[in-house]
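Trainee: Below is the file structure-v4.csv, which contains CSV, C-alpha atoms.
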chain,number,residue,atom,x,y,z
A,1,MET,CA,57.6,12.9,-3.6
A,2,ASN,CA,55.0,13.8,-6.2
A,3,SER,CA,51.9,11.6,-6.5
A,4,TYR,CA,49.3,11.1,-9.2
A,5,PHE,CA,46.3,8.9,-9.7
A,6,ILE,CA,46.0,6.4,-12.5
A,7,ASN,CA,42.9,4.3,-13.1
A,8,LYS,CA,43.1,0.6,-14.0
A,9,PRO,CA,42.4,0.9,-17.7
A,10,ASN,CA,45.1,3.6,-18.0
A,11,LEU,CA,47.6,1.5,-16.1
A,12,ASP,CA,47.0,-1.3,-18.5
A,13,ARG,CA,47.6,1.1,-21.4
A,14,LEU,CA,50.8,2.2,-19.7
A,15,VAL,CA,52.0,-1.3,-19.3
A,16,LYS,CA,51.3,-2.1,-23.0
A,17,SER,CA,53.4,0.9,-24.0
A,18,LEU,CA,56.3,0.1,-21.6
A,19,SER,CA,56.4,-3.5,-23.0
A,20,LYS,CA,57.9,-2.1,-26.2
A,21,VAL,CA,60.9,-1.0,-24.2
A,22,TYR,CA,61.0,-3.4,-21.2
A,23,LYS,CA,60.5,-7.1,-20.5
A,24,ILE,CA,57.8,-6.8,-17.9
A,25,PHE,CA,57.0,-9.1,-15.0
A,26,ALA,CA,54.1,-8.9,-12.6
A,27,PRO,CA,52.7,-11.3,-10.0
A,28,VAL,CA,49.9,-13.7,-10.8
A,29,LYS,CA,48.0,-15.8,-8.3
A,30,SER,CA,48.1,-19.6,-8.2
A,31,ASP,CA,46.1,-21.2,-5.3
A,32,ASN,CA,47.1,-19.0,-2.4
A,33,ASN,CA,50.5,-18.0,-3.7
A,34,ARG,CA,51.8,-15.3,-6.1
A,35,PHE,CA,54.5,-15.9,-8.8
A,36,TYR,CA,56.0,-13.5,-11.3
A,37,LYS,CA,54.9,-14.0,-14.9
A,38,LYS,CA,55.9,-12.1,-18.0
A,39,VAL,CA,53.2,-9.7,-19.2
A,40,GLY,CA,53.3,-7.3,-22.1
A,41,GLU,CA,51.3,-6.4,-25.2
A,42,ASP,CA,48.1,-7.9,-23.8
A,43,GLY,CA,48.4,-5.7,-20.7
A,44,LEU,CA,48.3,-6.9,-17.1
A,45,GLY,CA,45.6,-9.5,-17.6
A,46,GLU,CA,45.4,-11.7,-14.5
A,47,SER,CA,48.2,-9.9,-12.7
A,48,VAL,CA,47.8,-9.1,-9.0
A,49,ILE,CA,49.3,-5.8,-8.2
A,50,GLY,CA,48.5,-5.5,-4.5
A,51,GLU,CA,47.9,-8.2,-1.9
A,52,VAL,CA,51.1,-9.7,-0.5
A,53,ARG,CA,54.7,-10.4,-1.8
A,54,ALA,CA,55.3,-13.1,-4.3
A,55,VAL,CA,56.8,-16.5,-3.4
A,56,GLU,CA,60.1,-15.8,-5.2
A,57,PRO,CA,62.3,-12.7,-4.4
A,58,ILE,CA,63.1,-10.2,-7.1
A,59,LYS,CA,66.9,-10.7,-6.7
A,60,GLY,CA,66.7,-13.3,-9.5
A,61,PHE,CA,66.0,-10.6,-12.0
A,62,TYR,CA,69.3,-8.9,-11.3
A,63,PHE,CA,71.4,-11.7,-9.9
A,64,PRO,CA,70.2,-14.9,-11.6
A,65,ALA,CA,70.6,-18.3,-9.9
A,66,ARG,CA,72.8,-19.3,-12.9
A,67,THR,CA,74.8,-16.9,-15.0
A,68,LYS,CA,77.3,-17.6,-17.8
A,69,ILE,CA,80.1,-15.2,-17.3
A,70,ALA,CA,82.7,-16.5,-19.7
A,71,GLU,CA,83.4,-19.0,-22.5
A,72,TYR,CA,86.8,-20.6,-23.3
A,73,PHE,CA,88.0,-22.2,-26.5
A,74,SER,CA,84.7,-21.8,-28.2
A,75,SER,CA,84.7,-21.3,-32.0
A,76,LYS,CA,81.7,-19.1,-31.5
A,77,GLY,CA,83.3,-16.8,-29.0
A,78,TYR,CA,81.6,-15.4,-25.9
A,79,SER,CA,78.1,-14.1,-26.6
A,80,ASP,CA,77.1,-11.0,-24.7
A,81,GLU,CA,73.7,-10.5,-26.3
A,82,LYS,CA,71.9,-7.4,-25.2
A,83,GLU,CA,68.4,-8.0,-23.9
A,84,ARG,CA,65.6,-5.6,-23.1
A,85,PRO,CA,65.9,-4.4,-19.5
A,86,VAL,CA,63.5,-5.8,-17.0
A,87,ALA,CA,60.5,-3.9,-15.5
A,88,ILE,CA,59.0,-5.4,-12.3
A,89,ILE,CA,55.5,-4.4,-11.4
A,90,GLY,CA,54.1,-5.2,-8.0
A,91,ALA,CA,57.3,-5.6,-6.1
A,92,LYS,CA,56.9,-5.2,-2.3
A,93,SER,CA,58.7,-3.3,0.4
A,94,CYS,CA,60.6,-6.4,1.7
A,95,ASP,CA,62.2,-6.9,-1.7
A,96,LEU,CA,63.1,-3.3,-2.2
A,97,VAL,CA,64.8,-3.1,1.1
A,98,SER,CA,67.0,-6.0,0.0
A,99,PHE,CA,68.6,-3.7,-2.6
A,100,LYS,CA,70.4,-2.1,0.3
A,101,VAL,CA,72.3,-5.3,0.8
A,102,MET,CA,72.6,-6.4,-2.8
A,103,ASP,CA,73.8,-3.0,-4.0
A,104,TYR,CA,76.4,-2.8,-1.2
A,105,VAL,CA,77.8,-6.2,-2.3
A,106,TYR,CA,77.6,-5.8,-6.1
A,107,ARG,CA,77.6,-2.1,-6.9
A,108,GLN,CA,80.5,-0.9,-4.7
A,109,GLU,CA,83.9,-0.2,-6.0
A,110,PRO,CA,86.4,-1.7,-6.4
A,111,PHE,CA,84.5,-5.0,-6.7
A,112,ARG,CA,81.6,-3.7,-8.7
A,113,ASP,CA,79.8,-6.4,-10.6
A,114,PRO,CA,79.1,-5.0,-14.1
A,115,LEU,CA,76.4,-7.6,-14.9
A,116,TYR,CA,74.4,-6.8,-11.7
A,117,ALA,CA,75.0,-3.1,-12.0
A,118,LEU,CA,73.8,-2.9,-15.6
A,119,LYS,CA,70.6,-4.7,-14.8
A,120,ARG,CA,69.9,-2.4,-11.9
A,121,GLU,CA,70.7,0.8,-13.8
A,122,LYS,CA,68.6,-0.2,-16.9
A,123,GLY,CA,65.7,-1.8,-15.1
A,124,LEU,CA,62.5,-0.3,-13.9
A,125,VAL,CA,60.7,-1.0,-10.6
A,126,ILE,CA,57.0,-0.2,-10.2
A,127,SER,CA,56.4,-1.4,-6.7
A,128,SER,CA,53.1,-1.6,-4.8
A,129,ASP,CA,51.7,-1.5,-1.3
A,130,CYS,CA,50.8,-4.7,0.5
A,131,THR,CA,47.1,-4.9,1.0
A,132,LEU,CA,47.3,-8.2,2.8
A,133,TYR,CA,50.0,-9.9,4.9
A,134,GLY,CA,51.1,-13.5,5.0
A,135,GLU,CA,51.2,-15.8,8.0
A,136,THR,CA,55.0,-15.7,8.0
A,137,CYS,CA,55.4,-11.9,7.4
A,138,PHE,CA,57.2,-10.0,10.1
A,139,CYS,CA,58.6,-6.9,8.4
A,140,VAL,CA,57.2,-4.4,10.9
A,141,ALA,CA,59.1,-6.2,13.7
A,142,ILE,CA,62.4,-4.8,12.2
A,143,ASP,CA,60.9,-1.4,11.3
A,144,ILE,CA,60.2,-2.1,7.6
A,145,MET,CA,56.7,-0.9,6.5
A,146,PRO,CA,54.4,-3.1,4.4
A,147,TYR,CA,54.4,-0.3,1.9
A,148,PRO,CA,57.6,0.9,0.1
A,149,LEU,CA,59.3,4.1,1.2
A,150,GLU,CA,62.3,4.0,-1.2
A,151,GLY,CA,64.0,1.9,-3.8
A,152,PHE,CA,61.2,2.3,-6.4
A,153,ASP,CA,60.8,4.3,-9.6
A,154,ILE,CA,57.0,4.4,-9.2
A,155,ASN,CA,55.0,3.0,-6.3
A,156,LEU,CA,51.3,2.0,-6.7
A,157,SER,CA,48.9,2.2,-3.8
A,158,GLY,CA,45.7,0.3,-4.7
A,159,LEU,CA,42.3,1.8,-4.4
A,160,ASP,CA,38.9,0.6,-5.7
A,161,SER,CA,39.1,2.2,-9.1
A,162,GLY,CA,42.9,2.6,-9.6
A,163,TYR,CA,46.2,3.5,-7.9
A,164,ILE,CA,48.0,6.4,-6.4
A,165,ALA,CA,51.3,6.5,-8.3
A,166,GLU,CA,54.1,7.9,-6.2
A,167,ILE,CA,57.2,9.0,-8.0
A,168,GLY,CA,60.4,7.7,-6.5
A,169,SER,CA,63.1,8.5,-9.0
A,170,GLY,CA,64.0,10.5,-12.1
A,171,LYS,CA,63.2,7.5,-14.2
A,172,GLY,CA,59.7,7.3,-12.7
A,173,GLU,CA,59.3,11.1,-13.2
A,174,LYS,CA,60.1,10.7,-16.9
A,175,ILE,CA,57.5,8.0,-17.4
A,176,VAL,CA,54.8,10.1,-15.8
A,177,ARG,CA,55.9,13.1,-17.9
A,178,ASP,CA,55.9,11.0,-21.1
A,179,TYR,CA,52.5,9.5,-20.4
A,180,PHE,CA,51.0,12.4,-18.6
A,181,LYS,CA,47.6,12.1,-20.2
A,182,LEU,CA,47.1,8.7,-18.4
A,183,PHE,CA,47.4,10.4,-15.0
A,184,GLN,CA,45.4,12.8,-12.9
A,185,GLY,CA,45.7,14.6,-9.6
A,186,ALA,CA,46.0,12.4,-6.5
A,187,GLU,CA,44.9,14.8,-3.8
A,188,PRO,CA,41.3,13.4,-3.4
A,189,TYR,CA,42.7,9.9,-2.8
A,190,ILE,CA,45.6,10.5,-0.4
A,191,GLU,CA,43.7,10.3,2.8
A,192,ARG,CA,42.1,7.0,1.8
A,193,ARG,CA,45.6,5.6,0.9
A,194,ASN,CA,47.0,6.7,4.3
A,195,THR,CA,44.0,5.1,6.1
A,196,ASN,CA,44.6,1.8,4.3
A,197,ARG,CA,48.3,1.8,5.1
A,198,LYS,CA,47.7,2.6,8.8
A,199,LYS,CA,45.1,-0.2,9.1
A,200,LEU,CA,47.3,-2.9,7.5
A,201,LYS,CA,50.3,-1.8,9.6
A,202,GLU,CA,48.3,-2.1,12.8
A,203,ASP,CA,46.9,-5.5,11.9
A,204,LEU,CA,50.3,-6.8,10.9
A,205,SER,CA,51.8,-5.4,14.1
A,206,GLU,CA,49.2,-7.3,16.2
A,207,HIS,CA,50.0,-10.5,14.2
A,208,VAL,CA,53.8,-10.1,14.8
A,209,LYS,CA,53.4,-9.6,18.5
A,210,LYS,CA,52.5,-13.3,18.8
A,211,SER,CA,56.0,-14.3,17.7
A,212,GLY,CA,57.7,-12.6,20.6
A,213,ILE,CA,60.4,-11.1,18.5
A,214,PRO,CA,62.5,-8.7,20.6
A,215,GLN,CA,62.7,-5.0,19.9
A,216,LYS,CA,64.7,-4.2,16.7
A,217,ASP,CA,67.3,-2.2,18.6
A,218,SER,CA,68.0,-5.1,21.0
A,219,ILE,CA,68.4,-7.9,18.4
A,220,GLN,CA,72.1,-7.4,17.7
A,221,ALA,CA,73.1,-7.3,21.3
A,222,ALA,CA,70.9,-10.3,22.0
A,223,PHE,CA,72.6,-12.2,19.2
A,224,LYS,CA,76.1,-11.4,20.6
A,225,SER,CA,75.1,-12.6,24.0
A,226,LYS,CA,74.1,-15.9,22.6
A,227,PHE,CA,77.1,-16.4,20.3
A,228,ASP,CA,78.5,-19.3,22.3
A,229,SER,CA,75.1,-20.6,23.4
A,230,SER,CA,73.9,-24.1,22.8
A,231,LEU,CA,70.9,-22.4,21.0
A,232,TRP,CA,72.6,-23.0,17.6
A,233,GLU,CA,72.9,-26.7,18.1
A,234,GLU,CA,69.3,-26.9,19.1
A,235,VAL,CA,68.1,-24.8,16.2
A,236,SER,CA,70.2,-26.8,13.6
A,237,LYS,CA,68.9,-30.2,14.8
A,238,THR,CA,66.2,-30.3,12.1
A,239,CYS,CA,68.2,-28.6,9.4
A,240,VAL,CA,68.8,-30.9,6.4
A,241,GLU,CA,71.3,-28.5,4.7
A,242,CYS,CA,69.2,-28.0,1.6
A,243,GLY,CA,70.0,-24.3,1.3
A,244,ALA,CA,66.4,-23.4,0.6
A,245,CYS,CA,66.5,-20.5,3.2
A,246,ASN,CA,69.4,-18.9,1.3
A,247,MET,CA,68.0,-19.4,-2.1
A,248,ILE,CA,64.6,-17.9,-1.3
A,249,CYS,CA,66.0,-15.0,0.8
A,250,PRO,CA,65.9,-11.6,-1.1
A,251,ALA,CA,69.1,-10.5,0.5
A,252,CYS,CA,71.3,-13.7,0.4
A,253,HIS,CA,73.9,-13.1,-2.3
A,254,CYS,CA,76.7,-15.7,-2.0
A,255,PHE,CA,77.8,-17.5,-5.1
A,256,ILE,CA,80.3,-20.1,-6.4
A,257,LEU,CA,82.1,-20.3,-9.7
A,258,MET,CA,82.0,-23.5,-11.7
A,259,ASP,CA,83.4,-24.6,-15.1
A,260,GLN,CA,81.3,-26.7,-17.3
A,261,LYS,CA,82.3,-28.6,-20.4
A,262,ARG,CA,80.5,-27.7,-23.6
A,263,GLU,CA,80.8,-29.1,-27.1
A,264,ASN,CA,83.2,-26.5,-28.3
A,265,GLY,CA,85.1,-25.8,-25.0
A,266,PHE,CA,84.2,-24.7,-21.5
A,267,GLU,CA,81.9,-22.1,-20.0
A,268,ARG,CA,82.3,-20.6,-16.5
A,269,LEU,CA,79.1,-20.2,-14.5
A,270,ARG,CA,78.3,-18.2,-11.5
A,271,MET,CA,75.7,-20.0,-9.3
A,272,TRP,CA,74.0,-19.2,-6.1
A,273,ASP,CA,75.6,-20.8,-3.0
A,274,SER,CA,74.4,-21.5,0.5
A,275,CYS,CA,76.3,-20.8,3.7
A,276,LEU,CA,74.6,-23.8,5.4
A,277,LEU,CA,76.2,-26.3,3.0
A,278,MET,CA,79.3,-28.0,4.5
A,279,SER,CA,81.3,-27.2,1.3
A,280,PHE,CA,80.6,-23.5,1.6
A,281,ALA,CA,83.6,-22.4,3.7
A,282,ARG,CA,85.9,-25.3,2.7
A,283,VAL,CA,89.2,-24.1,1.3
A,284,ALA,CA,92.1,-25.7,-0.6
A,285,GLY,CA,93.5,-28.7,1.2
A,286,GLY,CA,90.1,-29.5,2.7
A,287,ALA,CA,90.3,-27.1,5.7
A,288,ASN,CA,87.0,-25.9,6.9
A,289,PRO,CA,86.5,-23.2,9.6
A,290,ARG,CA,82.8,-24.1,10.0
A,291,LYS,CA,82.6,-27.9,9.9
A,292,LEU,CA,79.8,-28.1,12.3
A,293,LEU,CA,76.3,-27.4,11.1
A,294,ALA,CA,75.6,-25.4,14.3
A,295,HIS,CA,78.4,-23.0,13.4
A,296,ARG,CA,77.1,-22.5,9.9
A,297,MET,CA,73.6,-21.8,11.3
A,298,ARG,CA,75.1,-19.3,13.7
A,299,ASN,CA,77.0,-17.7,10.8
A,300,ARG,CA,73.8,-17.2,8.9
A,301,PHE,CA,72.2,-15.2,11.8
A,302,ASP,CA,75.5,-13.4,12.4
A,303,LYS,CA,75.6,-12.1,8.9
A,304,LYS,CA,72.0,-11.0,9.0
A,305,PHE,CA,71.7,-9.5,12.4
A,306,ASN,CA,75.3,-8.5,13.3
A,307,PHE,CA,77.6,-8.1,10.3
A,308,PHE,CA,75.3,-6.0,8.1
A,309,GLN,CA,74.1,-3.9,11.0
A,310,ASP,CA,77.7,-2.9,11.6
A,311,THR,CA,78.5,-2.6,8.0
A,312,ILE,CA,75.6,-0.7,6.4
A,313,GLY,CA,73.5,0.2,9.4
A,314,ARG,CA,70.6,-2.2,8.8
A,315,PHE,CA,69.9,-5.9,9.0
A,316,GLY,CA,70.5,-8.4,6.2
A,317,CYS,CA,67.0,-9.7,6.8
A,318,THR,CA,63.8,-8.0,5.4
A,319,GLY,CA,61.2,-9.8,7.4
A,320,CYS,CA,59.5,-11.3,4.4
A,321,GLY,CA,59.2,-14.7,6.0
A,322,ARG,CA,60.0,-16.7,2.9
A,323,CYS,CA,62.7,-18.8,4.6
A,324,ILE,CA,60.0,-20.0,7.1
A,325,GLU,CA,57.8,-21.2,4.2
A,326,ALA,CA,60.7,-22.9,2.4
A,327,CYS,CA,62.3,-24.8,5.3
A,328,PRO,CA,61.5,-28.5,5.3
A,329,GLY,CA,63.0,-28.7,8.8
A,330,LYS,CA,60.4,-26.2,10.1
A,331,ILE,CA,63.0,-23.7,11.4
A,332,ASP,CA,61.2,-20.5,12.1
A,333,ILE,CA,63.5,-17.4,12.1
A,334,ARG,CA,60.9,-15.6,14.3
A,335,GLU,CA,61.2,-18.3,17.0
A,336,VAL,CA,65.0,-18.1,16.8
A,337,LEU,CA,64.9,-14.3,17.3
A,338,SER,CA,62.5,-14.8,20.2
A,339,ARG,CA,64.8,-17.3,21.8
A,340,LEU,CA,67.6,-14.8,21.7
A,341,LYS,CA,65.9,-12.9,24.5
A,342,GLY,CA,66.0,-15.8,26.9
I'd like the structure from this file rewritten - as structure tokens, please.
Mentor:
Amino acid sequence: MNSYFINKPNLDRLVKSLSKVYKIFAPVKSDNNRFYKKVGEDGLGESVIGEVRAVEPIKGFYFPARTKIAEYFSSKGYSDEKERPVAIIGAKSCDLVSFKVMDYVYRQEPFRDPLYALKREKGLVISSDCTLYGETCFCVAIDIMPYPLEGFDINLSGLDSGYIAEIGSGKGEKIVRDYFKLFQGAEPYIERRNTNRKKLKEDLSEHVKKSGIPQKDSIQAAFKSKFDSSLWEEVSKTCVECGACNMICPACHCFILMDQKRENGFERLRMWDSCLLMSFARVAGGANPRKLLAHRMRNRFDKKFNFFQDTIGRFGCTGCGRCIEACPGKIDIREVLSRLKG
């Protein structure tokens, strides 16, 4: 991949220009958390490009929590207004890896989702290296680096005076070509970037060792050996079935269709669903193959560490640790993985 250097004032100029084509979002810091905020003609402002991943996953930009997919009996008809595509700046590796799952579910024929696919095809991803890690981060335990290796159009590696901009796609290459005067050679900065990456990976690896997570290659077999274990009843004791772990996960993708009455008819909505809710697997007539919460908890881990490993060759978990932060029942996915070894 080709790499260039762009200083901070020039990155701001680039963002201002791109805002004429894209609706741009970048993380901003509030207390000790980061949240995506729209930026544009005023530049990046208070945006935080490096540091650690934002609280919310980027899946919401491509697969919103609530999407109107049809209208019925409306005098106005169904509105399919075209919006500017989204550009995300500062997305982290744990979010980009989730594209492997989301794209498999929503971009594969014959069940390709045109809404999701269009957003992915038209959108722009300018990712960035992590320069910090959160207490709940464990990406390196499942062989995901705290710096993006794929899935981006341009990746930014922060240095004191600017960023190494690594091209990851034809779309990213075109941007650099169109705004070439804003970039310069990256060779003098590569060694410093590599040193920073190595240091953070080593520090995060030491942090993750405390969790006792088994080796990545042994997790699937460990899960299968515990399929009929009482572990799932024990883990689910504090679960309140709120669905927060599913909603905050960058790779969870299940949805439910609902019809809602409007003044001039009805609209059909697609909304995020949660596999931990009792109603999730219920079918016509009230039959439910997973009535027990323990079975629904097991199913969540089955999907992440067994099904997707068999289906696409990688876990349906990205090690972001968001579910740990969101869970009011204090269920820690790292502890569950550690207990699979016992």
Trainee: Fewer than 5 positions away in the same chain doesn't count, so skip those; otherwise give me all residues within 9 Å of stretch 105-114 of chain A, counting all atoms listed in the file, as a list in words.
Mentor: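 The residues that qualify are Lys100, Lys119 and His253 of chain A.
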Trainee: Which residue out of A:Leu124, A:Leu269, A:Val28, A:Leu149 has the minimum interatomic distance to A:Glu56 when all atoms listed in the file are used?
Mentor: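 Residue with the minimum atom-to-atom distance to A:Glu56: A:Val28.
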Trainee: If you take only C-alpha atoms and a cut-off of 10 Å, which residues of stretch 27-118 of chain A touch stretch 321-324 of chain A, and what are their nearest atom pairs and distances in Å to one decimal, in chain and number order, as a Markdown table?
Mentor:
| residue | atom | partner | partner_atom | distance |
| --- | --- | --- | --- | --- |
| A:Arg53 | CA | A:Arg322 | CA | 9.5 |
| A:Ala54 | CA | A:Arg322 | CA | 9.3 |
| A:Val55 | CA | A:Arg322 | CA | 7.1 |
| A:Glu56 | CA | A:Arg322 | CA | 8.2 |
| A:Pro57 | CA | A:Arg322 | CA | 8.6 |
| A:Cys94 | CA | A:Gly321 | CA | 9.5 |
Trainee: Rounded to one decimal place, report the atom CA of A:Lys171-atom CA of A:Asp153 distance in Å.
Mentor: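 Separating atom CA of A:Lys171 from atom CA of A:Asp153 is a distance of 6.1 Å.
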Trainee: Atom CA of A:Gly50 and atom CA of A:Glu202, how far apart in Å?
Mentor: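 Separating atom CA of A:Glu202 from atom CA of A:Gly50 is a distance of 17.6 Å.
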Trainee: When distances are computed from all atoms listed in the file, which of A:Glu83, A:Thr311, A:Asn246, A:His207 shows the smallest separation from A:Gly123?
Mentor: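 Under the stated criterion, the closest residue is A:Glu83.
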Trainee: Scan for residues within 9 Å of the point (42.2, -2.3, -5.8) in the coordinates of the file, using all atoms listed in the file, and reply as a list in words.
Mentor: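 Final list of nearby residues, as requested, is Lys8, Ile49, Gly50, Thr131, Ser157, Gly158, Leu159, Asp160, Ser161, Gly162 and Tyr163 of chain A.
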Trainee: Compile the contact shell of A:Pro148 as a compact mmCIF listing (two decimals) with C-alpha atoms, in the frame of the given file: residues with an atom at most 10 Å away, counting all atoms listed in the file, same-chain residues fewer than 6 positions apart removed.
Mentor:
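Okay, this is what ended up in around.txt:
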# COMPACT_ATOMS: atom_id res chain seq x y z
CA ALA A 91 57.30 -5.60 -6.10
CA LYS A 92 56.90 -5.20 -2.30
CA SER A 93 58.70 -3.30 0.40
CA CYS A 94 60.60 -6.40 1.70
CA ASP A 95 62.20 -6.90 -1.70
CA LEU A 96 63.10 -3.30 -2.20
CA VAL A 97 64.80 -3.10 1.10
CA SER A 127 56.40 -1.40 -6.70
CA SER A 128 53.10 -1.60 -4.80
CA ASP A 129 51.70 -1.50 -1.30
CA CYS A 130 50.80 -4.70 0.50
CA ILE A 154 57.00 4.40 -9.20
CA ASN A 155 55.00 3.00 -6.30
CA LEU A 156 51.30 2.00 -6.70
CA SER A 157 48.90 2.20 -3.80
CA GLY A 168 60.40 7.70 -6.50
Trainee: So what do you get for atom CA of A:Ile331 versus atom CA of A:Val140, distance-wise?
Mentor: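 Atom CA of A:Val140 lies at a distance of 20.2 Å from atom CA of A:Ile331.
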Trainee: Give me, as JSON lines, each residue of stretch 99-135 of chain A that comes within 9 Å of stretch 63-66 of chain A, together with its shortest interatomic pair and the distance in Å at one decimal, counting only C-alpha atoms, with rows ordered by chain and rising residue number.
Mentor:
{"residue": "A:Met102", "atom": "CA", "partner": "A:Phe63", "partner_atom": "CA", "distance": 8.9}
{"residue": "A:Leu115", "atom": "CA", "partner": "A:Phe63", "partner_atom": "CA", "distance": 8.2}
{"residue": "A:Tyr116", "atom": "CA", "partner": "A:Phe63", "partner_atom": "CA", "distance": 6.0}
{"residue": "A:Lys119", "atom": "CA", "partner": "A:Phe63", "partner_atom": "CA", "distance": 8.6}
Trainee: Out of A:Leu340, A:Cys252, A:Leu44, A:Leu257, which residue has the shortest atom-to-atom distance to A:Ala222 when counting only C-alpha atoms?
Mentor: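 That would be A:Leu340, the residue with the smallest distance to A:Ala222.
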Trainee: With a distance cut-off of 12 Å and only C-alpha atoms, select the neighbouring residues of A:Arg282, excluding the residue or stretch itself and same-chain residues fewer than 5 positions from it, and output the selection as number ranges by chain.
Mentor: A: 256, 275-277, 287-292, 296
Trainee: Please save C-alpha atoms of the selected residues as an mmCIF file, keeping the file's coordinate frame.
Mentor:
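Now in result.cif:
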data_model
loop_
_atom_site.group_PDB
_atom_site.id
_atom_site.type_symbol
_atom_site.label_atom_id
_atom_site.label_comp_id
_atom_site.auth_asym_id
_atom_site.auth_seq_id
_atom_site.Cartn_x
_atom_site.Cartn_y
_atom_site.Cartn_z
ATOM 1 C CA ILE A 256 80.300 -20.100 -6.400
ATOM 2 C CA CYS A 275 76.300 -20.800 3.700
ATOM 3 C CA LEU A 276 74.600 -23.800 5.400
ATOM 4 C CA LEU A 277 76.200 -26.300 3.000
ATOM 5 C CA ALA A 287 90.300 -27.100 5.700
ATOM 6 C CA ASN A 288 87.000 -25.900 6.900
ATOM 7 C CA PRO A 289 86.500 -23.200 9.600
ATOM 8 C CA ARG A 290 82.800 -24.100 10.000
ATOM 9 C CA LYS A 291 82.600 -27.900 9.900
ATOM 10 C CA LEU A 292 79.800 -28.100 12.300
ATOM 11 C CA ARG A 296 77.100 -22.500 9.900
#
Trainee: Which is closest to A:Tyr133 among A:Pro250, A:Pro27, A:Gly172, A:Pro146, if we use all atoms listed in the file?
Mentor: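 Checking each of A:Pro250, A:Pro27, A:Gly172, A:Pro146 against A:Tyr133, counting all atoms listed in the file, the winner is A:Pro146.
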Trainee: Given the block above, output stretch 325-337 of chain A with N, CA and C atoms as a PDB file, in the first residue's frame.
Mentor:
ATOM      1  N   GLU A 325     -18.816  -2.830  28.722  1.00  0.00           N
ATOM      2  CA  GLU A 325     -19.172  -1.514  29.253  1.00  0.00           C
ATOM      3  C   GLU A 325     -20.681  -1.317  29.318  1.00  0.00           C
ATOM      4  N   ALA A 326     -21.405  -1.891  28.363  1.00  0.00           N
ATOM      5  CA  ALA A 326     -22.848  -1.636  28.260  1.00  0.00           C
ATOM      6  C   ALA A 326     -23.682  -2.507  29.186  1.00  0.00           C
ATOM      7  N   CYS A 327     -23.144  -3.631  29.647  1.00  0.00           N
ATOM      8  CA  CYS A 327     -23.946  -4.620  30.363  1.00  0.00           C
ATOM      9  C   CYS A 327     -24.251  -4.203  31.801  1.00  0.00           C
ATOM     10  N   PRO A 328     -25.539  -3.980  32.152  1.00  0.00           N
ATOM     11  CA  PRO A 328     -25.886  -3.646  33.541  1.00  0.00           C
ATOM     12  C   PRO A 328     -25.738  -4.836  34.480  1.00  0.00           C
ATOM     13  N   GLY A 329     -25.695  -6.051  33.905  1.00  0.00           N
ATOM     14  CA  GLY A 329     -25.512  -7.258  34.714  1.00  0.00           C
ATOM     15  C   GLY A 329     -24.061  -7.611  34.944  1.00  0.00           C
ATOM     16  N   LYS A 330     -23.152  -6.767  34.457  1.00  0.00           N
ATOM     17  CA  LYS A 330     -21.702  -6.947  34.648  1.00  0.00           C
ATOM     18  C   LYS A 330     -21.205  -8.263  34.061  1.00  0.00           C
ATOM     19  N   ILE A 331     -21.802  -8.704  32.965  1.00  0.00           N
ATOM     20  CA  ILE A 331     -21.308  -9.898  32.277  1.00  0.00           C
ATOM     21  C   ILE A 331     -20.122  -9.483  31.416  1.00  0.00           C
ATOM     22  N   ASP A 332     -18.994 -10.134  31.633  1.00  0.00           N
ATOM     23  CA  ASP A 332     -17.742  -9.780  30.973  1.00  0.00           C
ATOM     24  C   ASP A 332     -17.385 -10.890  29.989  1.00  0.00           C
ATOM     25  N   ILE A 333     -17.423 -10.590  28.699  1.00  0.00           N
ATOM     26  CA  ILE A 333     -17.158 -11.602  27.681  1.00  0.00           C
ATOM     27  C   ILE A 333     -15.767 -12.207  27.842  1.00  0.00           C
ATOM     28  N   ARG A 334     -14.817 -11.439  28.378  1.00  0.00           N
ATOM     29  CA  ARG A 334     -13.469 -11.965  28.600  1.00  0.00           C
ATOM     30  C   ARG A 334     -13.481 -13.051  29.657  1.00  0.00           C
ATOM     31  N   GLU A 335     -14.271 -12.840  30.717  1.00  0.00           N
ATOM     32  CA  GLU A 335     -14.358 -13.853  31.777  1.00  0.00           C
ATOM     33  C   GLU A 335     -15.025 -15.122  31.272  1.00  0.00           C
ATOM     34  N   VAL A 336     -16.039 -14.970  30.432  1.00  0.00           N
ATOM     35  CA  VAL A 336     -16.708 -16.144  29.874  1.00  0.00           C
ATOM     36  C   VAL A 336     -15.734 -16.942  29.019  1.00  0.00           C
ATOM     37  N   LEU A 337     -14.977 -16.259  28.163  1.00  0.00           N
ATOM     38  CA  LEU A 337     -13.987 -16.949  27.331  1.00  0.00           C
ATOM     39  C   LEU A 337     -12.940 -17.647  28.187  1.00  0.00           C
TER      40      LEU A 337
END
